[in-house]
file start-v8.pdb (PDB, C-alpha atoms and all ligand atoms)
ATOM      1  CA  MET A  22     -11.336  19.729  59.741
ATOM      2  CA  ALA A  23     -11.188  23.329  58.514
ATOM      3  CA  ASP A  24      -8.345  22.400  56.147
ATOM      4  CA  GLY A  25     -10.331  19.522  54.646
ATOM      5  CA  GLY A  26      -8.433  16.827  56.564
ATOM      6  CA  ALA A  27     -10.090  13.906  58.370
ATOM      7  CA  SER A  28     -11.111  14.472  61.986
ATOM      8  CA  SER A  29     -11.614  10.845  62.969
ATOM      9  CA  PRO A  30      -7.905  10.028  63.663
ATOM     10  CA  LEU A  31      -7.763  12.944  66.078
ATOM     11  CA  VAL A  32     -11.007  11.944  67.785
ATOM     12  CA  GLU A  33      -9.784   8.362  68.103
ATOM     13  CA  GLU A  34      -6.471   9.516  69.553
ATOM     14  CA  ASN A  35      -8.323  11.614  72.137
ATOM     15  CA  ILE A  36     -10.527   8.662  73.084
ATOM     16  CA  ARG A  37      -7.454   6.441  73.549
ATOM     17  CA  ARG A  38      -5.821   9.088  75.740
ATOM     18  CA  LEU A  39      -8.937   9.566  77.888
ATOM     19  CA  VAL A  40      -9.290   5.802  78.335
ATOM     20  CA  GLU A  41      -5.575   5.533  79.206
ATOM     21  CA  ILE A  42      -5.816   8.075  82.032
ATOM     22  CA  ASP A  43      -9.141   6.608  83.184
ATOM     23  CA  ALA A  44     -10.965   9.909  82.703
ATOM     24  CA  PRO A  45     -14.772   9.988  82.994
ATOM     25  CA  LEU A  46     -15.850   9.345  79.426
ATOM     26  CA  THR A  47     -19.214   8.640  77.816
ATOM     27  CA  ILE A  48     -19.671   8.439  74.055
ATOM     28  CA  ARG A  49     -22.958   9.881  72.800
ATOM     29  CA  LEU A  50     -24.110   7.796  69.859
ATOM     30  CA  THR A  51     -27.135   8.637  67.714
ATOM     31  CA  PHE A  52     -27.766   5.982  65.125
ATOM     32  CA  SER A  53     -30.063   5.545  62.167
ATOM     33  CA  PRO A  54     -31.649   2.355  60.805
ATOM     34  CA  ILE A  55     -28.964   2.078  58.132
ATOM     35  CA  ASP A  56     -26.038   2.086  60.582
ATOM     36  CA  ASP A  57     -24.310  -1.142  61.579
ATOM     37  CA  ILE A  58     -24.798  -0.803  65.322
ATOM     38  CA  GLU A  59     -22.868  -3.958  66.187
ATOM     39  CA  ARG A  60     -19.795  -2.759  64.299
ATOM     40  CA  ILE A  61     -19.984   0.659  65.942
ATOM     41  CA  ILE A  62     -20.244  -0.754  69.462
ATOM     42  CA  ARG A  63     -17.373  -3.166  68.820
ATOM     43  CA  TYR A  64     -15.243  -0.271  67.555
ATOM     44  CA  PHE A  65     -15.726   1.653  70.799
ATOM     45  CA  GLY A  66     -15.452  -1.511  72.886
ATOM     46  CA  LYS A  67     -12.025  -2.266  71.375
ATOM     47  CA  LEU A  68     -10.915   1.279  72.201
ATOM     48  CA  GLY A  69     -11.748   0.546  75.843
ATOM     49  CA  VAL A  70     -14.851   2.753  76.105
ATOM     50  CA  LYS A  71     -17.014   1.624  79.046
ATOM     51  CA  SER A  72     -19.908   4.034  78.828
ATOM     52  CA  LEU A  73     -22.111   4.803  75.870
ATOM     53  CA  HIS A  74     -25.283   6.874  75.540
ATOM     54  CA  LEU A  75     -27.355   5.455  72.730
ATOM     55  CA  GLU A  76     -30.352   7.172  71.145
ATOM     56  CA  PRO A  77     -32.161   6.640  67.831
ATOM     57  CA  LEU A  78     -31.902   9.223  65.083
ATOM     58  CA  PHE A  79     -35.274  10.722  64.281
ATOM     59  CA  PRO A  80     -34.906  12.859  61.159
ATOM     60  CA  TYR A  81     -36.644  16.187  61.502
ATOM     61  CA  GLY A  82     -35.806  19.653  60.322
ATOM     62  CA  ARG A  83     -35.988  21.959  57.357
ATOM     63  CA  ASN A  84     -35.444  19.092  54.914
ATOM     64  CA  TYR A  85     -38.292  16.966  56.234
ATOM     65  CA  GLU A  86     -41.849  17.985  55.531
ATOM     66  CA  LYS A  87     -43.224  14.884  57.218
ATOM     67  CA  VAL A  88     -41.973  11.944  59.227
ATOM     68  CA  GLU A  89     -41.613   8.784  57.185
ATOM     69  CA  PHE A  90     -40.741   5.379  58.560
ATOM     70  CA  GLY A  91     -38.691   2.579  57.082
ATOM     71  CA  ALA A  92     -36.662   1.986  53.945
ATOM     72  CA  ASP A  93     -39.572   2.943  51.663
ATOM     73  CA  SER A  94     -39.189   6.565  52.720
ATOM     74  CA  ALA A  95     -38.289   9.010  49.969
ATOM     75  CA  ASN A  96     -35.549  10.406  52.227
ATOM     76  CA  GLU A  97     -32.010   9.106  52.447
ATOM     77  CA  ILE A  98     -32.224   9.165  56.230
ATOM     78  CA  PHE A  99     -35.539   7.960  57.603
ATOM     79  CA  ALA A 100     -37.158   7.296  60.945
ATOM     80  CA  PRO A 101     -36.665   3.774  62.303
ATOM     81  CA  ARG A 102     -39.644   1.456  62.388
ATOM     82  CA  GLY A 103     -40.232   0.594  66.043
ATOM     83  CA  ASP A 104     -39.805  -3.166  65.638
ATOM     84  CA  GLU A 105     -36.599  -2.824  63.583
ATOM     85  CA  PHE A 106     -35.136  -0.347  65.966
ATOM     86  CA  VAL A 107     -35.814  -2.500  69.005
ATOM     87  CA  ALA A 108     -33.921  -5.417  67.419
ATOM     88  CA  ASN A 109     -30.893  -3.169  66.873
ATOM     89  CA  PHE A 110     -31.177  -1.656  70.306
ATOM     90  CA  LEU A 111     -31.228  -5.046  72.030
ATOM     91  CA  ARG A 112     -28.312  -6.189  69.906
ATOM     92  CA  ALA A 113     -26.414  -3.105  71.082
ATOM     93  CA  LEU A 114     -27.104  -3.988  74.725
ATOM     94  CA  ASP A 115     -25.826  -7.536  74.195
ATOM     95  CA  VAL A 116     -22.679  -6.497  72.340
ATOM     96  CA  GLY A 117     -21.979  -3.754  74.878
ATOM     97  CA  ARG A 118     -22.140  -6.318  77.681
ATOM     98  CA  GLU A 119     -19.364  -8.324  75.996
ATOM     99  CA  TYR A 120     -17.068  -5.323  76.504
ATOM    100  CA  GLY A 121     -18.243  -4.535  80.029
ATOM    101  CA  MET A 122     -19.824  -1.385  78.615
ATOM    102  CA  LYS A 123     -22.711   0.435  80.277
ATOM    103  CA  ILE A 124     -25.302   1.618  77.790
ATOM    104  CA  TYR A 125     -27.539   4.548  78.668
ATOM    105  CA  ASN A 126     -30.758   5.453  76.926
ATOM    106  CA  GLY A 127     -33.655   7.731  77.799
ATOM    107  CA  HIS A 128     -36.022   4.799  78.207
ATOM    108  CA  LEU A 129     -33.677   2.873  80.451
ATOM    109  CA  LEU A 130     -33.137   5.951  82.619
ATOM    110  CA  HIS A 131     -36.868   6.433  83.097
ATOM    111  CA  PHE A 132     -37.599   2.858  84.039
ATOM    112  CA  THR A 133     -37.131   3.308  87.757
ATOM    113  CA  GLY A 134     -38.015   6.968  88.253
ATOM    114  CA  GLY A 135     -40.598   7.571  85.549
ATOM    115  CA  ILE A 136     -41.328  10.958  84.033
ATOM    116  CA  ARG A 137     -44.326  13.261  83.806
ATOM    117  CA  TYR A 138     -43.000  15.473  81.024
ATOM    118  CA  PHE A 139     -40.849  14.489  78.077
ATOM    119  CA  CYS A 140     -38.336  17.277  78.716
ATOM    120  CA  GLY A 141     -37.672  20.133  81.080
ATOM    121  CA  ALA A 142     -38.086  22.762  78.398
ATOM    122  CA  ALA A 143     -41.526  21.651  77.263
ATOM    123  CA  SER A 144     -42.729  21.380  80.849
ATOM    124  CA  GLY A 145     -42.066  25.088  81.334
ATOM    125  CA  ARG A 146     -39.213  24.411  83.781
ATOM    126  CA  ALA A 147     -36.264  25.214  81.548
ATOM    127  CA  ALA A 148     -35.444  27.702  78.839
ATOM    128  CA  LEU A 149     -32.464  28.604  76.715
ATOM    129  CA  VAL A 150     -31.288  31.989  75.479
ATOM    130  CA  THR A 151     -31.087  32.281  71.705
ATOM    131  CA  HIS A 152     -28.542  34.294  69.725
ATOM    132  CA  ASP A 153     -31.197  36.951  69.013
ATOM    133  CA  GLY A 154     -32.090  37.435  72.656
ATOM    134  CA  HIS A 155     -35.161  35.260  73.034
ATOM    135  CA  LEU A 156     -35.917  32.559  75.573
ATOM    136  CA  THR A 157     -36.787  29.355  73.793
ATOM    137  CA  ALA A 158     -38.514  26.322  75.281
ATOM    138  CA  CYS A 159     -36.930  24.036  72.690
ATOM    139  CA  LEU A 160     -33.415  23.320  71.446
ATOM    140  CA  GLU A 161     -34.764  22.984  67.913
ATOM    141  CA  VAL A 162     -36.323  26.441  67.796
ATOM    142  CA  VAL A 163     -33.217  28.546  67.698
ATOM    143  CA  ASP A 164     -34.434  32.068  66.880
ATOM    144  CA  ALA A 165     -37.372  34.172  65.771
ATOM    145  CA  GLU A 166     -36.955  32.944  62.178
ATOM    146  CA  SER A 167     -37.334  29.256  63.076
ATOM    147  CA  PRO A 168     -40.525  27.388  62.248
ATOM    148  CA  ASN A 169     -42.933  27.368  65.219
ATOM    149  CA  ALA A 170     -41.088  30.256  66.876
ATOM    150  CA  GLU A 171     -44.365  31.863  67.918
ATOM    151  CA  MET A 172     -45.229  28.818  70.010
ATOM    152  CA  PHE A 173     -41.820  27.975  71.445
ATOM    153  CA  LEU A 174     -40.254  31.367  72.131
ATOM    154  CA  VAL A 175     -41.436  32.117  75.643
ATOM    155  CA  GLY A 176     -39.695  35.395  76.454
ATOM    156  CA  ARG A 177     -37.011  37.836  75.461
ATOM    157  CA  TRP A 178     -34.257  40.031  76.792
ATOM    158  CA  ASP A 179     -35.315  43.564  77.618
ATOM    159  CA  ALA A 180     -32.230  45.784  77.412
ATOM    160  CA  ALA A 181     -33.919  48.779  79.072
ATOM    161  CA  SER A 182     -34.718  46.946  82.293
ATOM    162  CA  CYS A 183     -31.822  44.457  81.987
ATOM    163  CA  ARG A 184     -34.275  41.633  82.582
ATOM    164  CA  PHE A 185     -35.924  38.854  80.668
ATOM    165  CA  THR A 186     -39.653  39.201  80.142
ATOM    166  CA  VAL A 187     -41.412  35.838  80.272
ATOM    167  CA  GLU A 188     -44.733  34.921  78.682
ATOM    168  CA  GLU A 189     -46.282  32.967  81.509
ATOM    169  CA  LYS A 190     -49.291  31.905  79.446
ATOM    170  CA  LYS A 191     -47.031  30.092  77.006
ATOM    171  CA  LEU A 192     -45.305  28.299  79.878
ATOM    172  CA  ASP A 193     -48.712  27.322  81.271
ATOM    173  CA  ARG A 194     -49.595  25.865  77.894
ATOM    174  CA  PHE A 195     -46.463  23.686  77.946
ATOM    175  CA  ARG A 196     -47.214  22.539  81.479
ATOM    176  CA  LEU A 197     -50.427  21.003  80.163
ATOM    177  CA  ARG A 198     -48.335  18.627  78.061
ATOM    178  CA  HIS A 199     -48.305  16.150  80.964
ATOM    179  CA  ALA A 200     -48.301  12.350  80.603
ATOM    180  CA  ASP A 201     -51.701  12.104  82.300
ATOM    181  CA  ALA A 202     -53.198  15.033  80.420
ATOM    182  CA  LEU A 203     -52.406  14.167  76.796
ATOM    183  CA  ARG A 204     -55.580  12.602  75.488
ATOM    184  CA  SER A 205     -53.819  10.286  73.053
ATOM    185  CA  CYS A 206     -51.483   9.009  75.795
ATOM    186  CA  GLN A 207     -53.703   8.903  78.897
ATOM    187  CA  ALA A 208     -54.392   5.193  78.644
ATOM    188  CA  CYS A 209     -50.950   4.147  77.426
ATOM    189  CA  TYR A 210     -48.970   1.764  79.618
ATOM    190  CA  ALA A 211     -45.745   3.546  78.642
ATOM    191  CA  ARG A 212     -46.790   7.112  79.361
ATOM    192  CA  TYR A 213     -44.400   7.539  82.314
ATOM    193  CA  HIS A 214     -41.454   6.465  80.155
ATOM    194  CA  CYS A 215     -42.349   8.666  77.260
ATOM    195  CA  ALA A 216     -44.894  11.377  78.144
ATOM    196  CA  GLY A 217     -45.893  11.783  74.514
ATOM    197  CA  GLY A 218     -42.375  12.237  73.178
ATOM    198  CA  CYS A 219     -40.912  15.434  71.840
ATOM    199  CA  ALA A 220     -43.292  18.412  71.723
ATOM    200  CA  VAL A 221     -41.748  20.187  68.752
ATOM    201  CA  LYS A 222     -41.719  16.994  66.707
ATOM    202  CA  ALA A 223     -45.413  16.472  67.426
ATOM    203  CA  VAL A 224     -46.116  20.026  66.307
ATOM    204  CA  ARG A 225     -44.043  19.686  63.137
ATOM    205  CA  SER A 226     -45.780  16.479  62.176
ATOM    206  CA  GLY A 227     -49.058  18.411  62.205
ATOM    207  CA  LYS A 228     -50.455  16.846  65.389
ATOM    208  CA  GLY A 229     -50.166  19.971  67.500
ATOM    209  CA  LEU A 230     -48.743  20.479  70.958
ATOM    210  CA  ASP A 231     -51.083  17.896  72.453
ATOM    211  CA  GLY A 232     -50.287  15.299  69.829
ATOM    212  CA  ARG A 233     -47.856  12.393  69.943
ATOM    213  CA  ASP A 234     -44.333  12.323  68.590
ATOM    214  CA  ALA A 235     -45.014   9.445  66.182
ATOM    215  CA  ALA A 236     -41.461   8.122  65.775
ATOM    216  CA  TYR A 237     -40.747   8.129  69.485
ATOM    217  CA  CYS A 238     -44.159   6.580  70.162
ATOM    218  CA  SER A 239     -43.455   3.706  67.795
ATOM    219  CA  PHE A 240     -40.090   3.022  69.409
ATOM    220  CA  THR A 241     -41.477   3.301  72.957
ATOM    221  CA  ARG A 242     -44.392   0.974  72.407
ATOM    222  CA  HIS A 243     -42.091  -1.682  71.021
ATOM    223  CA  VAL A 244     -39.193  -1.351  73.420
ATOM    224  CA  VAL A 245     -40.947  -1.033  76.794
ATOM    225  CA  PRO A 246     -42.594  -4.517  76.833
ATOM    226  CA  VAL A 247     -39.338  -6.107  75.693
ATOM    227  CA  LEU A 248     -37.338  -4.373  78.401
ATOM    228  CA  VAL A 249     -39.893  -5.294  81.065
ATOM    229  CA  ARG A 250     -39.636  -8.950  80.027
ATOM    230  CA  ARG A 251     -35.834  -8.774  80.071
ATOM    231  CA  ILE A 252     -35.743  -7.189  83.527
ATOM    232  CA  ALA A 253     -38.241  -9.744  84.827
ATOM    233  CA  ALA A 254     -36.219 -12.645  83.402
ATOM    234  CA  ALA A 255     -32.960 -11.262  84.829
ATOM    235  CA  SER A 256     -34.660 -10.855  88.224
ATOM    236  CA  GLY A 257     -36.000 -14.402  88.193
ATOM    237  CA  VAL A 258     -39.648 -13.217  88.183
TER
HETATM  238  S1  LIG B 301     -45.796   5.462  73.712
HETATM  239 FE1  LIG B 301     -47.099   6.715  72.356
HETATM  240  S2  LIG B 301     -49.142   6.645  73.320
HETATM  241 FE2  LIG B 301     -47.630   5.986  74.857
HETATM  242  S3  LIG B 301     -47.068   7.837  76.009
HETATM  243 FE3  LIG B 301     -45.568   7.612  74.332
HETATM  244  S4  LIG B 301     -46.413   8.843  72.635
HETATM  245 FE4  LIG B 301     -48.099   8.492  74.090
END
call {"tool": "encode", "arguments": {"input": "start-v8.pdb", "output": "structure tokens", "more": "lines below"}}
Ligand code: SF4
result
Amino acid sequence: MADGGASSPLVEENIRRLVEIDAPLTIRLTFSPIDDIERIIRYFGKLGVKSLHLEPLFPYGRNYEKVEFGADSANEIFAPRGDEFVANFLRALDVGREYGMKIYNGHLLHFTGGIRYFCGAASGRAALVTHDGHLTACLEVVDAESPNAEMFLVGRWDAASCRFTVEEKKLDRFRLRHADALRSCQACYARYHCAGGCAVKAVRSGKGLDGRDAAYCSFTRHVVPVLVRRIAAASGV
């Protein structure tokens, strides 16, 4: 809190109140390999939370020159190794079921519908306005000073005409980042769940816009076969 006090009692009180009045409530949980996922899920389960959106933490940003996996990383917070993360993820599903909790995750959502692009922004179908008047194709490129701004800023506000000007060629470039078009993903069984992962993360890891998001790739390639087997077993296939 601004006065230095703890915020968690207030957050917990709000959760209890929302559960009590049966308000639509989903907890968004991003967890790292060092978190105790079972303990976290049980905490929310005991509060009566029935819906939880679970995603892995992939550390990127100014502090991370390169993506490193596993506990050997020099960073305090590191990317999960795919196999370790899958074990935690499956544990989360099992514990959540004990509390009648629905667990959402990008991969689970894409299982039935499939995707062609990892996100709306990078497919040239969505853009956000930044504080300095640009249109950005990525939530992680927040202004003209951000790394990779040249690639991800796709337009800007023109005060004279009171309109946004859009750089169509940049949007066209993003549209090429399609699951079937990415050379490193074309033959991958999981391409319609993943579509190469996050574009900006691929760029920041030095692989370029047509490269793979390595952390997401590792997770996807481990989790998809396991989920397929689970769905098949639950369906009696
Ligand atoms: S799992 Fe890896 S190879 Fe497959 S689509 Fe995703 S990023 Fe590409």
call {"tool": "closest_atom_pairs", "arguments": {"input": "start-v8.pdb", "of": "chain A", "to": "ligand LIG 301 (chain B)", "cutoff": "9 Å", "atoms": "all atoms listed in the file", "output": "tab-separated table"}}
result
residue	atom	partner	partner_atom	distance
A:Ala200	CA	B:LIG301	S3	6.6
A:Asp201	CA	B:LIG301	S3	8.9
A:Leu203	CA	B:LIG301	FE4	7.6
A:Arg204	CA	B:LIG301	FE4	8.6
A:Ser205	CA	B:LIG301	S2	5.9
A:Cys206	CA	B:LIG301	FE4	3.8
A:Gln207	CA	B:LIG301	S3	7.3
A:Ala208	CA	B:LIG301	S2	7.6
A:Cys209	CA	B:LIG301	FE2	4.6
A:Tyr210	CA	B:LIG301	FE2	6.5
A:Ala211	CA	B:LIG301	FE2	4.9
A:Arg212	CA	B:LIG301	S3	3.4
A:Tyr213	CA	B:LIG301	S3	6.9
A:His214	CA	B:LIG301	S3	7.1
A:Cys215	CA	B:LIG301	FE3	4.5
A:Ala216	CA	B:LIG301	S3	4.7
A:Gly217	CA	B:LIG301	S4	3.5
A:Gly218	CA	B:LIG301	S4	5.3
A:Cys219	CA	B:LIG301	S4	8.6
A:Gly232	CA	B:LIG301	S4	8.0
A:Arg233	CA	B:LIG301	S4	4.7
A:Asp234	CA	B:LIG301	S4	5.7
A:Ala235	CA	B:LIG301	S4	6.6
A:Ala236	CA	B:LIG301	S4	8.5
A:Tyr237	CA	B:LIG301	S4	6.5
A:Cys238	CA	B:LIG301	FE1	3.7
A:Ser239	CA	B:LIG301	FE1	6.6
A:Phe240	CA	B:LIG301	S1	7.6
A:Thr241	CA	B:LIG301	S1	4.9
A:Arg242	CA	B:LIG301	S1	4.9
A:His243	CA	B:LIG301	S1	8.5
A:Val245	CA	B:LIG301	S1	8.7
call {"tool": "write_last_selection", "arguments": {"input": "start-v8.pdb", "atoms": "C-alpha atoms", "output": "PDB file, in the coordinates of the input"}}
result
ATOM      1  CA  ALA A 200     -48.301  12.350  80.603  1.00  0.00           C
ATOM      2  CA  ASP A 201     -51.701  12.104  82.300  1.00  0.00           C
ATOM      3  CA  LEU A 203     -52.406  14.167  76.796  1.00  0.00           C
ATOM      4  CA  ARG A 204     -55.580  12.602  75.488  1.00  0.00           C
ATOM      5  CA  SER A 205     -53.819  10.286  73.053  1.00  0.00           C
ATOM      6  CA  CYS A 206     -51.483   9.009  75.795  1.00  0.00           C
ATOM      7  CA  GLN A 207     -53.703   8.903  78.897  1.00  0.00           C
ATOM      8  CA  ALA A 208     -54.392   5.193  78.644  1.00  0.00           C
ATOM      9  CA  CYS A 209     -50.950   4.147  77.426  1.00  0.00           C
ATOM     10  CA  TYR A 210     -48.970   1.764  79.618  1.00  0.00           C
ATOM     11  CA  ALA A 211     -45.745   3.546  78.642  1.00  0.00           C
ATOM     12  CA  ARG A 212     -46.790   7.112  79.361  1.00  0.00           C
ATOM     13  CA  TYR A 213     -44.400   7.539  82.314  1.00  0.00           C
ATOM     14  CA  HIS A 214     -41.454   6.465  80.155  1.00  0.00           C
ATOM     15  CA  CYS A 215     -42.349   8.666  77.260  1.00  0.00           C
ATOM     16  CA  ALA A 216     -44.894  11.377  78.144  1.00  0.00           C
ATOM     17  CA  GLY A 217     -45.893  11.783  74.514  1.00  0.00           C
ATOM     18  CA  GLY A 218     -42.375  12.237  73.178  1.00  0.00           C
ATOM     19  CA  CYS A 219     -40.912  15.434  71.840  1.00  0.00           C
ATOM     20  CA  GLY A 232     -50.287  15.299  69.829  1.00  0.00           C
ATOM     21  CA  ARG A 233     -47.856  12.393  69.943  1.00  0.00           C
ATOM     22  CA  ASP A 234     -44.333  12.323  68.590  1.00  0.00           C
ATOM     23  CA  ALA A 235     -45.014   9.445  66.182  1.00  0.00           C
ATOM     24  CA  ALA A 236     -41.461   8.122  65.775  1.00  0.00           C
ATOM     25  CA  TYR A 237     -40.747   8.129  69.485  1.00  0.00           C
ATOM     26  CA  CYS A 238     -44.159   6.580  70.162  1.00  0.00           C
ATOM     27  CA  SER A 239     -43.455   3.706  67.795  1.00  0.00           C
ATOM     28  CA  PHE A 240     -40.090   3.022  69.409  1.00  0.00           C
ATOM     29  CA  THR A 241     -41.477   3.301  72.957  1.00  0.00           C
ATOM     30  CA  ARG A 242     -44.392   0.974  72.407  1.00  0.00           C
ATOM     31  CA  HIS A 243     -42.091  -1.682  71.021  1.00  0.00           C
ATOM     32  CA  VAL A 245     -40.947  -1.033  76.794  1.00  0.00           C
TER      33      VAL A 245
END
call {"tool": "residues_around", "arguments": {"input": "start-v8.pdb", "residues": "segment 63-66 of chain A", "least_positions_apart": "3", "cutoff": "8 Å", "atoms": "only C-alpha atoms", "output": "list in words"}}
result
Glu59, Arg60, Gly69, Val70, Lys71, Val116, Gly117, Tyr120 and Met122 of chain A
call {"tool": "resolve_selection", "arguments": {"input": "start-v8.pdb", "expression": "the PyMOL selection byres (((chain A and resi 163) around 10) and not hetatm)", "output": "ChimeraX atom specification"}}
result
/A:149-153,155-162,164-168,170,173-174
call {"tool": "write_last_selection", "arguments": {"input": "start-v8.pdb", "atoms": "C-alpha atoms", "output": "short mmCIF file (atom, residue, chain, number, x, y, z; two decimals), in the coordinates of the input"}}
result
data_model
loop_
_atom_site.label_atom_id
_atom_site.label_comp_id
_atom_site.auth_asym_id
_atom_site.auth_seq_id
_atom_site.Cartn_x
_atom_site.Cartn_y
_atom_site.Cartn_z
CA LEU A 149 -32.46 28.60 76.72
CA VAL A 150 -31.29 31.99 75.48
CA THR A 151 -31.09 32.28 71.70
CA HIS A 152 -28.54 34.29 69.72
CA ASP A 153 -31.20 36.95 69.01
CA HIS A 155 -35.16 35.26 73.03
CA LEU A 156 -35.92 32.56 75.57
CA THR A 157 -36.79 29.36 73.79
CA ALA A 158 -38.51 26.32 75.28
CA CYS A 159 -36.93 24.04 72.69
CA LEU A 160 -33.42 23.32 71.45
CA GLU A 161 -34.76 22.98 67.91
CA VAL A 162 -36.32 26.44 67.80
CA ASP A 164 -34.43 32.07 66.88
CA ALA A 165 -37.37 34.17 65.77
CA GLU A 166 -36.96 32.94 62.18
CA SER A 167 -37.33 29.26 63.08
CA PRO A 168 -40.52 27.39 62.25
CA ALA A 170 -41.09 30.26 66.88
CA PHE A 173 -41.82 27.98 71.44
CA LEU A 174 -40.25 31.37 72.13
#
call {"tool": "closest_residue", "arguments": {"input": "start-v8.pdb", "among": "A:Ala255, A:Ile48, A:Leu192, A:Val247", "to": "Asp104 of chain A", "atoms": "all atoms listed in the file"}}
result
A:Val247
call {"tool": "axis_aligned_box", "arguments": {"input": "start-v8.pdb", "around": "segment 152-165 of chain A", "padding_each_side": "3 Å", "output": "lines of an AutoDock Vina configuration file"}}
result
center_x = -33.5
center_y = 30.2
center_z = 70.7
size_x = 16.0
size_y = 20.5
size_z = 15.8
call {"tool": "resolve_selection", "arguments": {"input": "start-v8.pdb", "expression": "the PyMOL selection byres (((chain A and resi 126) around 7) and not hetatm)", "output": "ChimeraX atom specification"}}
result
/A:74-76,124-125,127-130
call {"tool": "closest_residue", "arguments": {"input": "start-v8.pdb", "among": "A:Arg112, A:Arg184, A:Arg102, A:Lys123", "to": "Leu73 of chain A", "atoms": "only C-alpha atoms"}}
result
A:Lys123
call {"tool": "closest_residue", "arguments": {"input": "start-v8.pdb", "among": "A:Phe79, A:His199, A:Gly227, A:Ala147", "to": "Gly176 of chain A", "atoms": "all atoms listed in the file"}}
result
A:Ala147
call {"tool": "resolve_selection", "arguments": {"input": "start-v8.pdb", "expression": "the PyMOL selection byres (((chain A and resi 145) around 10) and not hetatm)", "output": "list in words"}}
result
Tyr138, Cys140, Gly141, Ala142, Ala143, Ser144, Arg146, Ala147, Ala148, Ala158, Val175, Glu189, Lys191, Leu192, Asp193, Arg194, Phe195, Arg196, Leu197 and Arg198 of chain A
call {"tool": "atom_distance", "arguments": {"input": "start-v8.pdb", "atom1": "atom CA of Ser28 of chain A", "atom2": "atom CA of Gly121 of chain A"}}
result
27.2 Å
call {"tool": "closest_residue", "arguments": {"input": "start-v8.pdb", "among": "A:Gly135, A:Gly154, A:Gly91, A:Pro30", "to": "Ala180 of chain A", "atoms": "only C-alpha atoms"}}
result
A:Gly154
call {"tool": "atom_distance", "arguments": {"input": "start-v8.pdb", "atom1": "atom CA of Phe99 of chain A", "atom2": "atom CA of Met22 of chain A"}}
result
27.0 Å
call {"tool": "atom_distance", "arguments": {"input": "start-v8.pdb", "atom1": "atom CA of Leu230 of chain A", "atom2": "atom CA of Ile136 of chain A"}}
result
17.8 Å
call {"tool": "decode", "arguments": {"input": "start-v8.pdb", "residues": "segment 94-104 of chain A", "atoms": "N, CA, C and O atoms", "output": "mmCIF file, in the first residue's frame"}}
result
data_model
loop_
_atom_site.group_PDB
_atom_site.id
_atom_site.type_symbol
_atom_site.label_atom_id
_atom_site.label_comp_id
_atom_site.auth_asym_id
_atom_site.auth_seq_id
_atom_site.Cartn_x
_atom_site.Cartn_y
_atom_site.Cartn_z
ATOM 1 N N SER A 94 20.074 -21.080 -13.791
ATOM 2 C CA SER A 94 20.102 -19.718 -14.338
ATOM 3 C C SER A 94 20.761 -18.758 -13.358
ATOM 4 O O SER A 94 20.661 -18.912 -12.145
ATOM 5 N N ALA A 95 21.426 -17.746 -13.894
ATOM 6 C CA ALA A 95 22.058 -16.747 -13.032
ATOM 7 C C ALA A 95 21.014 -15.816 -12.415
ATOM 8 O O ALA A 95 21.312 -15.084 -11.466
ATOM 9 N N ASN A 96 19.793 -15.844 -12.946
ATOM 10 C CA ASN A 96 18.751 -14.937 -12.447
ATOM 11 C C ASN A 96 17.965 -15.549 -11.295
ATOM 12 O O ASN A 96 17.814 -16.762 -11.212
ATOM 13 N N GLU A 97 17.451 -14.658 -10.450
ATOM 14 C CA GLU A 97 16.661 -15.141 -9.308
ATOM 15 C C GLU A 97 15.352 -15.771 -9.793
ATOM 16 O O GLU A 97 14.873 -16.757 -9.261
ATOM 17 N N ILE A 98 14.769 -15.139 -10.812
ATOM 18 C CA ILE A 98 13.557 -15.691 -11.412
ATOM 19 C C ILE A 98 13.926 -16.173 -12.803
ATOM 20 O O ILE A 98 14.501 -15.424 -13.591
ATOM 21 N N PHE A 99 13.633 -17.432 -13.099
ATOM 22 C CA PHE A 99 14.084 -18.012 -14.355
ATOM 23 C C PHE A 99 12.921 -18.704 -15.059
ATOM 24 O O PHE A 99 11.888 -18.974 -14.449
ATOM 25 N N ALA A 100 13.108 -18.941 -16.343
ATOM 26 C CA ALA A 100 12.066 -19.600 -17.119
ATOM 27 C C ALA A 100 11.927 -21.056 -16.680
ATOM 28 O O ALA A 100 12.933 -21.701 -16.383
ATOM 29 N N PRO A 101 10.692 -21.565 -16.644
ATOM 30 C CA PRO A 101 10.524 -22.972 -16.255
ATOM 31 C C PRO A 101 11.040 -23.895 -17.340
ATOM 32 O O PRO A 101 10.926 -23.593 -18.521
ATOM 33 N N ARG A 102 11.631 -25.012 -16.936
ATOM 34 C CA ARG A 102 11.930 -26.059 -17.913
ATOM 35 C C ARG A 102 10.603 -26.731 -18.240
ATOM 36 O O ARG A 102 9.766 -26.939 -17.365
ATOM 37 N N GLY A 103 10.392 -27.055 -19.521
ATOM 38 C CA GLY A 103 9.097 -27.571 -19.947
ATOM 39 C C GLY A 103 8.614 -28.752 -19.128
ATOM 40 O O GLY A 103 7.476 -28.791 -18.671
ATOM 41 N N ASP A 104 9.518 -29.732 -18.876
ATOM 42 C CA ASP A 104 9.081 -30.935 -18.166
ATOM 43 C C ASP A 104 8.705 -30.624 -16.716
ATOM 44 O O ASP A 104 7.705 -31.119 -16.186
#
